[in-house]
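Printed here is target-v3.pdb (PDB, C-alpha atoms, pLDDT in the B column):
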ATOM      1  CA  MET P   1       6.939 -33.371  -4.087  1.00 45.00           C
ATOM      2  CA  PRO P   2       5.239 -35.139  -1.145  1.00 48.00           C
ATOM      3  CA  THR P   3       1.816 -33.743  -0.334  1.00 42.00           C
ATOM      4  CA  GLU P   4       2.840 -32.679   3.168  1.00 45.00           C
ATOM      5  CA  TYR P   5       5.411 -30.275   1.697  1.00 49.00           C
ATOM      6  CA  LEU P   6       3.117 -28.591  -0.832  1.00 50.00           C
ATOM      7  CA  TRP P   7       2.101 -25.889   1.643  1.00 58.00           C
ATOM      8  CA  GLU P   8       5.671 -24.807   2.336  1.00 84.00           C
ATOM      9  CA  PRO P   9       6.479 -22.597  -0.700  1.00 87.00           C
ATOM     10  CA  PRO P  10       3.278 -20.488  -0.517  1.00 89.00           C
ATOM     11  CA  ALA P  11       3.548 -20.238   3.270  1.00 93.00           C
ATOM     12  CA  ALA P  12       7.182 -19.191   3.043  1.00 93.00           C
ATOM     13  CA  ALA P  13       6.359 -16.659   0.313  1.00 95.00           C
ATOM     14  CA  MET P  14       3.595 -15.202   2.462  1.00 96.00           C
ATOM     15  CA  LEU P  15       5.823 -14.994   5.526  1.00 96.00           C
ATOM     16  CA  LEU P  16       8.509 -13.256   3.487  1.00 96.00           C
ATOM     17  CA  GLY P  17       5.959 -10.850   2.045  1.00 97.00           C
ATOM     18  CA  TYR P  18       4.398 -10.063   5.399  1.00 98.00           C
ATOM     19  CA  LEU P  19       7.719  -9.391   7.108  1.00 97.00           C
ATOM     20  CA  LEU P  20       8.837  -7.047   4.342  1.00 97.00           C
ATOM     21  CA  GLY P  21       5.467  -5.342   4.100  1.00 98.00           C
ATOM     22  CA  SER P  22       5.245  -4.774   7.833  1.00 97.00           C
ATOM     23  CA  ILE P  23       8.398  -2.606   7.974  1.00 97.00           C
ATOM     24  CA  PRO P  24       6.945   0.782   9.079  1.00 96.00           C
ATOM     25  CA  PHE P  25       9.175   3.088   7.077  1.00 96.00           C
ATOM     26  CA  GLY P  26       7.099   6.180   7.837  1.00 94.00           C
ATOM     27  CA  VAL P  27       7.467   5.662  11.580  1.00 93.00           C
ATOM     28  CA  ILE P  28      11.162   4.831  11.272  1.00 94.00           C
ATOM     29  CA  LEU P  29      11.986   7.862   9.131  1.00 94.00           C
ATOM     30  CA  THR P  30      10.053  10.402  11.193  1.00 92.00           C
ATOM     31  CA  ARG P  31      11.667   9.172  14.385  1.00 92.00           C
ATOM     32  CA  LEU P  32      15.127   8.946  12.853  1.00 92.00           C
ATOM     33  CA  PHE P  33      14.983  12.525  11.581  1.00 91.00           C
ATOM     34  CA  GLY P  34      13.313  14.040  14.629  1.00 88.00           C
ATOM     35  CA  ALA P  35       9.867  14.650  13.150  1.00 82.00           C
ATOM     36  CA  GLY P  36       8.045  12.991  16.072  1.00 83.00           C
ATOM     37  CA  ASP P  37       5.925   9.885  16.488  1.00 83.00           C
ATOM     38  CA  LEU P  38       3.914   9.579  13.284  1.00 84.00           C
ATOM     39  CA  ARG P  39       1.166   7.677  15.076  1.00 83.00           C
ATOM     40  CA  GLN P  40       0.462  10.789  17.170  1.00 85.00           C
ATOM     41  CA  ILE P  41       0.262  13.112  14.167  1.00 81.00           C
ATOM     42  CA  GLY P  42      -2.711  13.835  11.923  1.00 76.00           C
ATOM     43  CA  SER P  43      -4.644  10.678  11.112  1.00 77.00           C
ATOM     44  CA  GLY P  44      -2.161   8.442  12.925  1.00 77.00           C
ATOM     45  CA  SER P  45      -1.536   6.504   9.711  1.00 85.00           C
ATOM     46  CA  ILE P  46       2.029   5.422   8.940  1.00 87.00           C
ATOM     47  CA  GLY P  47       1.888   6.335   5.256  1.00 89.00           C
ATOM     48  CA  ALA P  48       3.383   9.154   3.209  1.00 89.00           C
ATOM     49  CA  THR P  49       0.336  11.446   3.311  1.00 85.00           C
ATOM     50  CA  ASN P  50       0.554  11.566   7.079  1.00 85.00           C
ATOM     51  CA  VAL P  51       4.327  12.011   6.938  1.00 90.00           C
ATOM     52  CA  LEU P  52       3.669  15.065   4.775  1.00 84.00           C
ATOM     53  CA  ARG P  53       1.719  16.563   7.679  1.00 84.00           C
ATOM     54  CA  THR P  54       5.008  16.861   9.571  1.00 84.00           C
ATOM     55  CA  GLY P  55       6.090  19.397   6.954  1.00 81.00           C
ATOM     56  CA  ARG P  56       8.961  17.183   5.820  1.00 88.00           C
ATOM     57  CA  ARG P  57       8.406  16.678   2.112  1.00 89.00           C
ATOM     58  CA  GLY P  58      11.638  14.765   1.682  1.00 93.00           C
ATOM     59  CA  LEU P  59      10.588  12.257   4.314  1.00 92.00           C
ATOM     60  CA  ALA P  60       7.180  11.905   2.678  1.00 92.00           C
ATOM     61  CA  LEU P  61       8.789  11.184  -0.695  1.00 95.00           C
ATOM     62  CA  ALA P  62      11.172   8.679   0.895  1.00 96.00           C
ATOM     63  CA  THR P  63       8.217   6.986   2.589  1.00 95.00           C
ATOM     64  CA  VAL P  64       6.367   6.610  -0.723  1.00 95.00           C
ATOM     65  CA  LEU P  65       9.426   5.104  -2.371  1.00 97.00           C
ATOM     66  CA  LEU P  66      10.198   2.736   0.493  1.00 98.00           C
ATOM     67  CA  ASP P  67       6.585   1.653   1.035  1.00 97.00           C
ATOM     68  CA  GLY P  68       6.278   0.965  -2.665  1.00 98.00           C
ATOM     69  CA  GLY P  69       9.707  -0.616  -2.765  1.00 98.00           C
ATOM     70  CA  LYS P  70       8.940  -3.167  -0.075  1.00 98.00           C
ATOM     71  CA  GLY P  71       5.948  -4.403  -2.068  1.00 98.00           C
ATOM     72  CA  LEU P  72       8.061  -4.678  -5.204  1.00 98.00           C
ATOM     73  CA  VAL P  73      10.937  -6.404  -3.414  1.00 98.00           C
ATOM     74  CA  ALA P  74       8.568  -8.901  -1.770  1.00 98.00           C
ATOM     75  CA  VAL P  75       7.259  -9.966  -5.179  1.00 98.00           C
ATOM     76  CA  LEU P  76      10.710 -10.112  -6.777  1.00 98.00           C
ATOM     77  CA  ILE P  77      12.296 -12.134  -3.986  1.00 97.00           C
ATOM     78  CA  ALA P  78       9.330 -14.511  -3.892  1.00 97.00           C
ATOM     79  CA  GLY P  79       9.660 -14.994  -7.647  1.00 96.00           C
ATOM     80  CA  TRP P  80      13.320 -15.827  -7.183  1.00 96.00           C
ATOM     81  CA  LEU P  81      13.034 -18.111  -4.152  1.00 95.00           C
ATOM     82  CA  PHE P  82       9.527 -19.490  -4.670  1.00 93.00           C
ATOM     83  CA  PRO P  83       8.653 -19.267  -8.394  1.00 94.00           C
ATOM     84  CA  GLY P  84       4.926 -19.252  -9.021  1.00 94.00           C
ATOM     85  CA  HIS P  85       4.088 -17.876  -5.580  1.00 95.00           C
ATOM     86  CA  GLU P  86       4.438 -14.156  -6.264  1.00 97.00           C
ATOM     87  CA  VAL P  87       0.717 -13.500  -5.732  1.00 97.00           C
ATOM     88  CA  PRO P  88       0.578 -14.769  -2.121  1.00 97.00           C
ATOM     89  CA  ALA P  89       3.760 -12.822  -1.384  1.00 98.00           C
ATOM     90  CA  ALA P  90       2.177  -9.677  -2.840  1.00 98.00           C
ATOM     91  CA  ALA P  91      -1.011 -10.121  -0.819  1.00 98.00           C
ATOM     92  CA  ALA P  92       0.950 -10.730   2.374  1.00 98.00           C
ATOM     93  CA  ALA P  93       3.197  -7.700   1.803  1.00 98.00           C
ATOM     94  CA  PHE P  94       0.115  -5.531   1.379  1.00 98.00           C
ATOM     95  CA  LEU P  95      -1.476  -6.952   4.531  1.00 98.00           C
ATOM     96  CA  GLY P  96       1.791  -6.471   6.388  1.00 98.00           C
ATOM     97  CA  HIS P  97       1.695  -2.764   5.606  1.00 97.00           C
ATOM     98  CA  LEU P  98      -1.941  -2.442   6.649  1.00 97.00           C
ATOM     99  CA  TYR P  99      -1.614  -4.587   9.760  1.00 97.00           C
ATOM    100  CA  PRO P 100       2.013  -4.692  11.007  1.00 97.00           C
ATOM    101  CA  VAL P 101       2.479  -6.867  14.061  1.00 95.00           C
ATOM    102  CA  TRP P 102       5.150  -4.475  15.349  1.00 92.00           C
ATOM    103  CA  LEU P 103       2.598  -1.643  15.661  1.00 93.00           C
ATOM    104  CA  ARG P 104      -0.250  -3.674  17.151  1.00 91.00           C
ATOM    105  CA  PHE P 105      -1.678  -4.172  13.658  1.00 93.00           C
ATOM    106  CA  ARG P 106      -2.244  -0.439  13.126  1.00 92.00           C
ATOM    107  CA  GLY P 107      -0.628   0.376   9.820  1.00 94.00           C
ATOM    108  CA  GLY P 108      -1.055   2.452   6.709  1.00 95.00           C
ATOM    109  CA  LYS P 109      -3.716   2.666   4.025  1.00 96.00           C
ATOM    110  CA  GLY P 110      -1.843   0.716   1.390  1.00 96.00           C
ATOM    111  CA  VAL P 111      -1.744   2.973  -1.673  1.00 97.00           C
ATOM    112  CA  ALA P 112       2.050   3.120  -2.092  1.00 97.00           C
ATOM    113  CA  THR P 113       2.479  -0.570  -1.283  1.00 98.00           C
ATOM    114  CA  LEU P 114      -0.214  -1.401  -3.840  1.00 98.00           C
ATOM    115  CA  ILE P 115       1.848   0.425  -6.457  1.00 97.00           C
ATOM    116  CA  GLY P 116       4.865  -1.671  -5.500  1.00 98.00           C
ATOM    117  CA  VAL P 117       3.129  -5.033  -5.716  1.00 98.00           C
ATOM    118  CA  CYS P 118       1.535  -4.081  -9.036  1.00 98.00           C
ATOM    119  CA  LEU P 119       4.936  -3.080 -10.351  1.00 98.00           C
ATOM    120  CA  GLY P 120       6.305  -6.463  -9.374  1.00 98.00           C
ATOM    121  CA  LEU P 121       3.367  -8.500 -10.664  1.00 98.00           C
ATOM    122  CA  TYR P 122       2.718  -6.709 -13.962  1.00 98.00           C
ATOM    123  CA  TRP P 123       4.181  -3.259 -14.419  1.00 98.00           C
ATOM    124  CA  PRO P 124       1.768  -1.890 -17.098  1.00 98.00           C
ATOM    125  CA  ILE P 125      -0.942  -1.760 -14.411  1.00 98.00           C
ATOM    126  CA  VAL P 126       1.111   0.928 -12.693  1.00 98.00           C
ATOM    127  CA  LEU P 127       0.790   3.172 -15.753  1.00 98.00           C
ATOM    128  CA  VAL P 128      -3.000   3.100 -15.385  1.00 98.00           C
ATOM    129  CA  PHE P 129      -2.711   3.596 -11.626  1.00 98.00           C
ATOM    130  CA  ALA P 130      -0.446   6.628 -12.107  1.00 97.00           C
ATOM    131  CA  ALA P 131      -2.661   8.164 -14.783  1.00 98.00           C
ATOM    132  CA  VAL P 132      -5.776   7.873 -12.610  1.00 98.00           C
ATOM    133  CA  TRP P 133      -4.011   9.143  -9.479  1.00 97.00           C
ATOM    134  CA  LEU P 134      -2.362  12.102 -11.160  1.00 97.00           C
ATOM    135  CA  GLY P 135      -5.465  13.057 -13.126  1.00 98.00           C
ATOM    136  CA  LEU P 136      -7.848  13.028 -10.173  1.00 97.00           C
ATOM    137  CA  PHE P 137      -5.367  14.667  -7.825  1.00 96.00           C
ATOM    138  CA  ALA P 138      -4.856  17.465 -10.354  1.00 96.00           C
ATOM    139  CA  VAL P 139      -8.624  18.024 -10.507  1.00 96.00           C
ATOM    140  CA  PHE P 140      -9.655  17.590  -6.877  1.00 95.00           C
ATOM    141  CA  ARG P 141      -6.401  18.096  -4.914  1.00 94.00           C
ATOM    142  CA  ILE P 142      -7.560  15.384  -2.496  1.00 95.00           C
ATOM    143  CA  SER P 143      -5.089  12.559  -1.912  1.00 92.00           C
ATOM    144  CA  SER P 144      -7.694  10.081  -0.667  1.00 95.00           C
ATOM    145  CA  VAL P 145      -9.884  10.511  -3.766  1.00 97.00           C
ATOM    146  CA  ALA P 146      -6.893   9.969  -6.040  1.00 97.00           C
ATOM    147  CA  GLY P 147      -5.621   6.974  -4.073  1.00 97.00           C
ATOM    148  CA  MET P 148      -8.942   5.170  -3.752  1.00 98.00           C
ATOM    149  CA  SER P 149      -9.825   5.745  -7.397  1.00 98.00           C
ATOM    150  CA  ALA P 150      -6.431   4.511  -8.576  1.00 98.00           C
ATOM    151  CA  ALA P 151      -6.785   1.398  -6.421  1.00 98.00           C
ATOM    152  CA  ILE P 152     -10.213   0.688  -7.926  1.00 98.00           C
ATOM    153  CA  ALA P 153      -8.700   1.101 -11.393  1.00 98.00           C
ATOM    154  CA  THR P 154      -6.125  -1.658 -10.859  1.00 98.00           C
ATOM    155  CA  PRO P 155      -8.385  -4.726 -11.269  1.00 98.00           C
ATOM    156  CA  ILE P 156     -10.073  -3.049 -14.233  1.00 98.00           C
ATOM    157  CA  ALA P 157      -6.658  -2.427 -15.793  1.00 98.00           C
ATOM    158  CA  ALA P 158      -5.614  -6.029 -15.145  1.00 98.00           C
ATOM    159  CA  ALA P 159      -8.745  -7.311 -16.904  1.00 98.00           C
ATOM    160  CA  VAL P 160      -8.365  -4.969 -19.880  1.00 98.00           C
ATOM    161  CA  LEU P 161      -4.694  -5.935 -20.215  1.00 97.00           C
ATOM    162  CA  GLY P 162      -5.574  -9.633 -20.164  1.00 98.00           C
ATOM    163  CA  ARG P 163      -4.126 -10.455 -16.732  1.00 97.00           C
ATOM    164  CA  PHE P 164      -7.255 -12.152 -15.429  1.00 98.00           C
ATOM    165  CA  ASP P 165      -5.105 -14.117 -12.990  1.00 97.00           C
ATOM    166  CA  LEU P 166      -4.545 -10.886 -11.041  1.00 98.00           C
ATOM    167  CA  VAL P 167      -8.097  -9.533 -11.085  1.00 98.00           C
ATOM    168  CA  LEU P 168      -9.403 -11.208  -7.908  1.00 98.00           C
ATOM    169  CA  LEU P 169      -6.282 -10.261  -5.951  1.00 98.00           C
ATOM    170  CA  LEU P 170      -6.514  -6.633  -7.050  1.00 98.00           C
ATOM    171  CA  ILE P 171     -10.239  -6.473  -6.278  1.00 98.00           C
ATOM    172  CA  ALA P 172      -9.464  -7.675  -2.752  1.00 98.00           C
ATOM    173  CA  LEU P 173      -6.623  -5.171  -2.327  1.00 98.00           C
ATOM    174  CA  ALA P 174      -8.760  -2.321  -3.664  1.00 98.00           C
ATOM    175  CA  LEU P 175     -11.532  -3.188  -1.196  1.00 98.00           C
ATOM    176  CA  LEU P 176      -8.981  -3.128   1.627  1.00 98.00           C
ATOM    177  CA  VAL P 177      -7.784   0.287   0.473  1.00 98.00           C
ATOM    178  CA  LEU P 178     -11.392   1.520   0.640  1.00 98.00           C
ATOM    179  CA  TRP P 179     -11.842  -0.034   4.095  1.00 98.00           C
ATOM    180  CA  LYS P 180      -8.723   1.710   5.395  1.00 97.00           C
ATOM    181  CA  HIS P 181     -10.009   4.990   3.957  1.00 97.00           C
ATOM    182  CA  ARG P 182     -13.431   4.740   5.599  1.00 96.00           C
ATOM    183  CA  ALA P 183     -12.770   7.814   7.775  1.00 95.00           C
ATOM    184  CA  ASN P 184     -11.784   9.721   4.634  1.00 95.00           C
ATOM    185  CA  ILE P 185     -14.988   8.567   2.955  1.00 97.00           C
ATOM    186  CA  ASP P 186     -17.019   9.887   5.892  1.00 97.00           C
ATOM    187  CA  ARG P 187     -15.255  13.255   5.606  1.00 95.00           C
ATOM    188  CA  LEU P 188     -15.791  13.326   1.849  1.00 96.00           C
ATOM    189  CA  LEU P 189     -19.516  12.752   2.326  1.00 96.00           C
ATOM    190  CA  ALA P 190     -19.563  15.541   4.909  1.00 95.00           C
ATOM    191  CA  GLY P 191     -17.564  17.873   2.654  1.00 93.00           C
ATOM    192  CA  ALA P 192     -14.806  18.054   5.244  1.00 92.00           C
ATOM    193  CA  GLU P 193     -11.913  16.209   3.561  1.00 92.00           C
ATOM    194  CA  PRO P 194      -8.920  18.582   3.295  1.00 88.00           C
ATOM    195  CA  ARG P 195      -7.458  19.566  -0.055  1.00 89.00           C
ATOM    196  CA  PHE P 196      -3.754  20.016  -0.637  1.00 82.00           C
ATOM    197  CA  GLY P 197      -2.742  23.591  -1.176  1.00 67.00           C
ATOM    198  CA  ARG P 198      -5.691  24.959   0.787  1.00 58.00           C
ATOM    199  CA  LYS P 199      -5.261  26.121   4.368  1.00 50.00           C
ATOM    200  CA  HIS P 200      -7.834  25.291   7.015  1.00 44.00           C
ATOM    201  CA  GLY P 201      -8.623  26.763  10.376  1.00 36.00           C
TER     202      GLY P 201
END
Give the structure from this file in structure tokens form.
Amino acid sequence: MPTEYLWEPPAAAMLLGYLLGSIPFGVILTRLFGAGDLRQIGSGSIGATNVLRTGRRGLALATVLLDGGKGLVAVLIAGWLFPGHEVPAAAAAFLGHLYPVWLRFRGGKGVATLIGVCLGLYWPIVLVFAAVWLGLFAVFRISSVAGMSAAIATPIAAAVLGRFDLVLLLIALALLVLWKHRANIDRLLAGAEPRFGRKHG
């Protein structure tokens, strides 16, 4: 392949990933089913935890599945159309969710989409992710603690499972998850982060 065309497959994979990742399913679903503008509710995030604040558990579950699904689909389609370029597609899908151009780059926090890209890249990592998330959520009942901890566990899981080719990507994605949760971290340090199943006010 001529040198000038070498950039095309990774660039195309990244564009595909970004466009899929930037679909704001939480916003679409809450508007479609009359639950309001998600960006004006709770934290303003477009993810499932904020959808849950509308009181619509079904919409929250659908948002988790769709946000995870778009990460998975981005990796699978990239593997089909641009073999060997699944990692850039995964990274771009994740960034698309965090910074969607359609919403002025104000997106979600990336936990569900991280699950999806991990499922597409190497599914055993998701087993570790799920175990960490479920275990910590059962103990603390705080979604942000469970999500951040599970994200941090993904590069560790990749290394333990021998997928060293994914470690740097997953470190970067975990750091982005932490960055997007910085307000949650501030509330955790102040002892003000809400717990599920406990009423406030």
Practice problem: Point out the residue among P:Trp102, P:Phe94, P:Tyr18, P:Phe25 with the least atom-to-atom distance to Ile115 (chain P), counting all atoms listed in the file. | Solution: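 Going through P:Trp102, P:Phe94, P:Tyr18, P:Phe25 one by one, the smallest distance to Ile115 (chain P) is for P:Phe94.
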Quiz prompt | Close residues, Gly79 (chain P) itself excluded, 10 Å, only C-alpha atoms, min 4 positions apart in chain, as a PyMOL selection string | solution = chain P and resi 13+73-75+83-87+89+120-121
Quiz prompt | Result set of the PyMOL selection byres ((chain P and resi 42-44) around 10) on the coordinates above, as a VMD selection string | solution = chain P and resid 37 to 41 45 to 47 49 to 54 106 to 108 183 to 184
Practice problem: Please provide the set of residues having any atom within 12 Å of Val132 (chain P), restricted to only C-alpha atoms, with same-chain residues fewer than 4 positions apart removed, written as a VMD selection string. | Solution: chain P and resid 125 to 128 136 to 140 143 145 to 154 156 to 157
Quiz item: Which residue, P:Gly116, P:Pro155, P:Pro124, P:Gly162, has the smallest gap to Gly21 (chain P) when you use all atoms listed in the file?
Solution: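 Result for the nearest residue to Gly21 (chain P): P:Gly116.
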Within 7 Å of Lys109 (chain P), counting all atoms listed in the file, which residues qualify if same-chain residues fewer than 5 places away don't, as a PDB file with C-alpha atoms, keeping the file's coordinate frame?
ATOM      1  CA  GLY P  47       1.888   6.335   5.256  1.00 89.00           C
ATOM      2  CA  LEU P  98      -1.941  -2.442   6.649  1.00 97.00           C
ATOM      3  CA  VAL P 177      -7.784   0.287   0.473  1.00 98.00           C
ATOM      4  CA  LYS P 180      -8.723   1.710   5.395  1.00 97.00           C
ATOM      5  CA  HIS P 181     -10.009   4.990   3.957  1.00 97.00           C
TER       6      HIS P 181
END
Quiz item: For Arg104 (chain P), which residue out of P:Met14, P:Trp179, P:Asp186, P:Pro24 is the nearest one, using all atoms listed in the file?
Solution: P:Pro24
How close does each residue of region 73-141 of chain P get to region 163-171 of chain P, giving the shortest atom pair and distance in Å to one decimal for every residue with an atom at most 10 Å away, counting all atoms listed in the file, sorted by chain and residue number, as CSV?
residue,atom,partner,partner_atom,distance
P:Val87,CA,P:Leu169,CA,7.7
P:Pro88,CA,P:Leu169,CA,9.1
P:Ala90,CA,P:Leu169,CA,9.0
P:Ala91,CA,P:Leu169,CA,7.4
P:Leu114,CA,P:Leu170,CA,8.8
P:Val117,CA,P:Leu170,CA,9.9
P:Cys118,CA,P:Leu170,CA,8.7
P:Leu121,CA,P:Leu166,CA,8.3
P:Tyr122,CA,P:Arg163,CA,8.3
P:Ile125,CA,P:Arg163,CA,9.5
Put those residues in a file: C-alpha atoms, as a PDB file, keeping the file's coordinate frame.
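File produced: again.pdb:
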ATOM      1  CA  VAL P  87       0.717 -13.500  -5.732  1.00 97.00           C
ATOM      2  CA  PRO P  88       0.578 -14.769  -2.121  1.00 97.00           C
ATOM      3  CA  ALA P  90       2.177  -9.677  -2.840  1.00 98.00           C
ATOM      4  CA  ALA P  91      -1.011 -10.121  -0.819  1.00 98.00           C
ATOM      5  CA  LEU P 114      -0.214  -1.401  -3.840  1.00 98.00           C
ATOM      6  CA  VAL P 117       3.129  -5.033  -5.716  1.00 98.00           C
ATOM      7  CA  CYS P 118       1.535  -4.081  -9.036  1.00 98.00           C
ATOM      8  CA  LEU P 121       3.367  -8.500 -10.664  1.00 98.00           C
ATOM      9  CA  TYR P 122       2.718  -6.709 -13.962  1.00 98.00           C
ATOM     10  CA  ILE P 125      -0.942  -1.760 -14.411  1.00 98.00           C
TER      11      ILE P 125
END
Could you add all heavy atoms to region 84-93 of chain P and give me the result as a short mmCIF file (atom, residue, chain, number, x, y, z; two decimals), keeping the file's coordinate frame?
data_model
loop_
_atom_site.label_atom_id
_atom_site.label_comp_id
_atom_site.auth_asym_id
_atom_site.auth_seq_id
_atom_site.Cartn_x
_atom_site.Cartn_y
_atom_site.Cartn_z
N GLY P 84 6.34 -18.90 -8.94
CA GLY P 84 4.93 -19.25 -9.02
C GLY P 84 4.12 -18.83 -7.82
O GLY P 84 2.89 -18.97 -7.81
N HIS P 85 4.79 -18.28 -6.80
CA HIS P 85 4.09 -17.88 -5.58
C HIS P 85 4.23 -16.37 -5.32
O HIS P 85 4.21 -15.93 -4.16
CB HIS P 85 4.59 -18.69 -4.39
CG HIS P 85 4.37 -20.16 -4.53
ND1 HIS P 85 3.11 -20.73 -4.46
CD2 HIS P 85 5.23 -21.17 -4.81
CE1 HIS P 85 3.21 -22.04 -4.66
NE2 HIS P 85 4.48 -22.33 -4.87
N GLU P 86 4.33 -15.61 -6.40
CA GLU P 86 4.44 -14.16 -6.26
C GLU P 86 3.14 -13.53 -5.75
O GLU P 86 3.19 -12.55 -4.99
CB GLU P 86 4.80 -13.54 -7.62
CG GLU P 86 6.17 -13.92 -8.12
CD GLU P 86 6.20 -15.20 -8.92
OE1 GLU P 86 5.17 -15.94 -8.93
OE2 GLU P 86 7.23 -15.48 -9.56
N VAL P 87 2.00 -14.08 -6.16
CA VAL P 87 0.72 -13.50 -5.73
C VAL P 87 0.51 -13.59 -4.23
O VAL P 87 0.16 -12.59 -3.59
CB VAL P 87 -0.45 -14.14 -6.51
CG1 VAL P 87 -1.79 -13.80 -5.85
CG2 VAL P 87 -0.45 -13.66 -7.95
N PRO P 88 0.72 -14.76 -3.58
CA PRO P 88 0.58 -14.77 -2.12
C PRO P 88 1.58 -13.86 -1.41
O PRO P 88 1.25 -13.25 -0.39
CB PRO P 88 0.79 -16.24 -1.73
CG PRO P 88 1.34 -16.91 -2.94
CD PRO P 88 0.88 -16.12 -4.10
N ALA P 89 2.78 -13.74 -1.98
CA ALA P 89 3.76 -12.82 -1.38
C ALA P 89 3.28 -11.38 -1.49
O ALA P 89 3.42 -10.59 -0.55
CB ALA P 89 5.11 -12.98 -2.07
N ALA P 90 2.70 -11.03 -2.64
CA ALA P 90 2.18 -9.68 -2.84
C ALA P 90 1.05 -9.38 -1.86
O ALA P 90 1.02 -8.30 -1.23
CB ALA P 90 1.69 -9.52 -4.28
N ALA P 91 0.12 -10.31 -1.74
CA ALA P 91 -1.01 -10.12 -0.82
C ALA P 91 -0.53 -9.96 0.61
O ALA P 91 -1.00 -9.09 1.35
CB ALA P 91 -1.97 -11.30 -0.92
N ALA P 92 0.45 -10.78 1.00
CA ALA P 92 0.95 -10.73 2.37
C ALA P 92 1.72 -9.44 2.63
O ALA P 92 1.64 -8.87 3.73
CB ALA P 92 1.84 -11.94 2.65
N ALA P 93 2.48 -8.96 1.64
CA ALA P 93 3.20 -7.70 1.80
C ALA P 93 2.22 -6.55 2.02
O ALA P 93 2.43 -5.67 2.86
CB ALA P 93 4.08 -7.44 0.59
#
